[in-house]
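This report refers to the structure that appears directly beneath it.
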Amino acid sequence: MIGQRRIKQTKAQKKAAYEAVTIRDEDRCQRCLRCGPPQRHHRQPRDDYNTTPAGLIVLGMPCHQYVTEHPREAIEQGWAMPRHTSIHSSEWPARRWLPTGYGTVRLAWVLYLDAPDQGVWWVEISDAEASKRMSDAGWEAAA
């Protein structure tokens, strides 16, 4: 079956996505919150269509290298997506540090949005929901 034709993104669209993610993630590594220098990471390998805020996260250089060199672990831990999936990045679970009411942070599963909804760029989901979404998409975690 032939799918709907996708339109390539313009340089301006890609630049806007990079800028939005820099603001959303406060230019801090979302894997460890410490390392640098910050880089924009495509959760799914980059192509002409997937440079969107939902498909990007900020990672520091050491974490970006780790995620790139260990794709299976990166997917299971929520820092990447499988190369071949028809699921849009806004529907694929990601990890993110979220603030608590006590001045600390906690690691949570989220679905990233391509545009903020009343200033919020993600929706938190449960561990079970993240696992179900990955499983429903055909992703099987390593045994």
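Identifiers in the structure tokens: chain A, B, ... in order shown; residue index from 1 per chain; ligand index from 1 in order shown.
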Dump as a Markdown table the rows for residues of range 69-112 of chain A within 6 Å of range 121-141 of chain A: closest atom pair and distance in Å with one decimal, only C-alpha atoms counted, ordered by chain and rising residue number.
```
| residue | atom | partner | partner_atom | distance |
| --- | --- | --- | --- | --- |
| A:Pro93 | CA | A:Ala130 | CA | 5.5 |
| A:Trp109 | CA | A:Ile125 | CA | 5.5 |
| A:Val110 | CA | A:Glu124 | CA | 4.2 |
| A:Leu111 | CA | A:Val123 | CA | 5.2 |
| A:Tyr112 | CA | A:Trp122 | CA | 4.3 |
```
With C-alpha atoms retained, write the just-selected residues as a PDB file, in the first residue's frame.
```pdb
ATOM      1  CA  PRO A  93       7.134   7.660  24.536  1.00  0.00           C
ATOM      2  CA  TRP A 109       7.650   9.111  30.564  1.00  0.00           C
ATOM      3  CA  VAL A 110       6.087  11.751  28.328  1.00  0.00           C
ATOM      4  CA  LEU A 111       4.634  12.283  24.891  1.00  0.00           C
ATOM      5  CA  TYR A 112       6.179  15.382  23.319  1.00  0.00           C
TER       6      TYR A 112
END
```
What parts of range 2-138 of chain A does DSSP call helix (DSSP H, G or I)? I'd like the answer as a VMD selection string.
chain A and resid 11 to 24 53 to 55 61 to 69 71 to 77 89 to 91 127 to 136
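Residues surrounding Lys11 in chain A within 12 Å are Lys15, Ala16, Ala17, Tyr18, Asp48, Tyr49, Thr51 and Thr52 of chain A [only C-alpha atoms; sequence separation below 4 positions excluded].
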For all heavy atoms, I'd like the residues from the last selection saved as a PDB file, in the first residue's frame.
```pdb
ATOM      1  N   LYS A  15      14.877  25.032  11.419  1.00  0.00           N
ATOM      2  CA  LYS A  15      15.467  25.995  12.351  1.00  0.00           C
ATOM      3  C   LYS A  15      14.492  26.307  13.483  1.00  0.00           C
ATOM      4  O   LYS A  15      14.883  26.367  14.651  1.00  0.00           O
ATOM      5  CB  LYS A  15      15.856  27.273  11.611  1.00  0.00           C
ATOM      6  CG  LYS A  15      16.501  28.300  12.500  1.00  0.00           C
ATOM      7  CD  LYS A  15      16.900  29.551  11.728  1.00  0.00           C
ATOM      8  CE  LYS A  15      17.535  30.548  12.682  1.00  0.00           C
ATOM      9  NZ  LYS A  15      17.840  31.814  12.050  1.00  0.00           N
ATOM     10  N   ALA A  16      13.227  26.495  13.146  1.00  0.00           N
ATOM     11  CA  ALA A  16      12.208  26.778  14.164  1.00  0.00           C
ATOM     12  C   ALA A  16      12.085  25.612  15.146  1.00  0.00           C
ATOM     13  O   ALA A  16      11.931  25.822  16.355  1.00  0.00           O
ATOM     14  CB  ALA A  16      10.866  27.062  13.498  1.00  0.00           C
ATOM     15  N   ALA A  17      12.163  24.371  14.653  1.00  0.00           N
ATOM     16  CA  ALA A  17      12.083  23.195  15.530  1.00  0.00           C
ATOM     17  C   ALA A  17      13.279  23.149  16.481  1.00  0.00           C
ATOM     18  O   ALA A  17      13.121  22.898  17.680  1.00  0.00           O
ATOM     19  CB  ALA A  17      12.011  21.917  14.700  1.00  0.00           C
ATOM     20  N   TYR A  18      14.488  23.399  15.958  1.00  0.00           N
ATOM     21  CA  TYR A  18      15.684  23.413  16.806  1.00  0.00           C
ATOM     22  C   TYR A  18      15.565  24.488  17.887  1.00  0.00           C
ATOM     23  O   TYR A  18      15.891  24.258  19.051  1.00  0.00           O
ATOM     24  CB  TYR A  18      16.941  23.647  15.974  1.00  0.00           C
ATOM     25  CG  TYR A  18      17.378  22.451  15.168  1.00  0.00           C
ATOM     26  CD1 TYR A  18      17.515  22.537  13.774  1.00  0.00           C
ATOM     27  CD2 TYR A  18      17.685  21.242  15.774  1.00  0.00           C
ATOM     28  CE1 TYR A  18      17.930  21.440  13.019  1.00  0.00           C
ATOM     29  CE2 TYR A  18      18.102  20.142  15.030  1.00  0.00           C
ATOM     30  CZ  TYR A  18      18.220  20.257  13.660  1.00  0.00           C
ATOM     31  OH  TYR A  18      18.631  19.175  12.925  1.00  0.00           O
ATOM     32  N   ASP A  48      14.473  13.993   5.836  1.00  0.00           N
ATOM     33  CA  ASP A  48      13.975  15.286   5.357  1.00  0.00           C
ATOM     34  C   ASP A  48      12.609  15.657   5.915  1.00  0.00           C
ATOM     35  O   ASP A  48      12.053  16.690   5.538  1.00  0.00           O
ATOM     36  CB  ASP A  48      13.895  15.282   3.823  1.00  0.00           C
ATOM     37  CG  ASP A  48      15.265  15.282   3.181  1.00  0.00           C
ATOM     38  OD1 ASP A  48      16.210  15.841   3.794  1.00  0.00           O
ATOM     39  OD2 ASP A  48      15.396  14.739   2.075  1.00  0.00           O
ATOM     40  N   TYR A  49      12.047  14.840   6.802  1.00  0.00           N
ATOM     41  CA  TYR A  49      10.676  15.045   7.249  1.00  0.00           C
ATOM     42  C   TYR A  49      10.497  15.087   8.762  1.00  0.00           C
ATOM     43  O   TYR A  49       9.415  15.414   9.221  1.00  0.00           O
ATOM     44  CB  TYR A  49       9.775  13.923   6.710  1.00  0.00           C
ATOM     45  CG  TYR A  49       9.978  13.647   5.252  1.00  0.00           C
ATOM     46  CD1 TYR A  49      10.827  12.629   4.830  1.00  0.00           C
ATOM     47  CD2 TYR A  49       9.342  14.412   4.288  1.00  0.00           C
ATOM     48  CE1 TYR A  49      11.029  12.378   3.479  1.00  0.00           C
ATOM     49  CE2 TYR A  49       9.535  14.174   2.932  1.00  0.00           C
ATOM     50  CZ  TYR A  49      10.387  13.155   2.539  1.00  0.00           C
ATOM     51  OH  TYR A  49      10.584  12.923   1.204  1.00  0.00           O
ATOM     52  N   THR A  51      12.326  16.614  11.485  1.00  0.00           N
ATOM     53  CA  THR A  51      12.906  17.590  12.394  1.00  0.00           C
ATOM     54  C   THR A  51      11.764  18.429  12.968  1.00  0.00           C
ATOM     55  O   THR A  51      11.424  19.490  12.453  1.00  0.00           O
ATOM     56  CB  THR A  51      13.953  18.460  11.679  1.00  0.00           C
ATOM     57  OG1 THR A  51      14.961  17.592  11.147  1.00  0.00           O
ATOM     58  CG2 THR A  51      14.603  19.446  12.632  1.00  0.00           C
ATOM     59  N   THR A  52      11.156  17.880  14.012  1.00  0.00           N
ATOM     60  CA  THR A  52      10.034  18.532  14.686  1.00  0.00           C
ATOM     61  C   THR A  52      10.339  18.576  16.182  1.00  0.00           C
ATOM     62  O   THR A  52      11.141  17.772  16.679  1.00  0.00           O
ATOM     63  CB  THR A  52       8.728  17.754  14.470  1.00  0.00           C
ATOM     64  OG1 THR A  52       8.840  16.487  15.120  1.00  0.00           O
ATOM     65  CG2 THR A  52       8.418  17.567  12.997  1.00  0.00           C
TER      66      THR A  52
END
```
Can you list, as a PyMOL selection string, every protein, DNA or RNA residue that comes within 9 Å of His88 in chain A when you count only C-alpha atoms, leaving out same-chain residues fewer than 3 positions away?
chain A and resi 50+54-55+85+91-92
Give me every strand (DSSP E or B) residue in range 23-93 of chain A, going by DSSP on the backbone, as a list in words.
Pro38, Gln39, Arg40, His41, His42, Leu56, Ile57, Val58, Leu59 and Gly60 of chain A
Tell me which protein, DNA and RNA residues are within 12 Å of Arg28 in chain A, counting only C-alpha atoms, leaving out same-chain ones fewer than 4 positions away, and put them as a PyMOL selection string.
chain A and resi 21-24+32-41+57-61+63-64+96-97
Identify which of the residues A:Thr68, A:Lys8, A:Ala20, A:Asp47 lies closest to Leu113 in chain A, counting only C-alpha atoms when measuring atom-to-atom distances.
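Nearest candidate to Leu113 in chain A out of A:Thr68, A:Lys8, A:Ala20, A:Asp47: A:Ala20.
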One decimal, in Å: what's the spacing between CA of Ser86 in chain A and CA of Val67 in chain A?
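CA of Ser86 in chain A sits 21.1 Å away from CA of Val67 in chain A.
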Between A:Pro62, A:Gly103, A:Pro45, A:Pro53, single out the one closest to Pro82 in chain A, counting only C-alpha atoms.
A:Pro45
May I ask for the distance between CA of Ser89 in chain A and CA of Gln118 in chain A, given in Å to one decimal place?
20.1 Å
Counting only C-alpha atoms, which residue out of A:Gln30, A:Gln13, A:Gln77, A:Gln44 sits closest to Ser90 in chain A?
A:Gln44
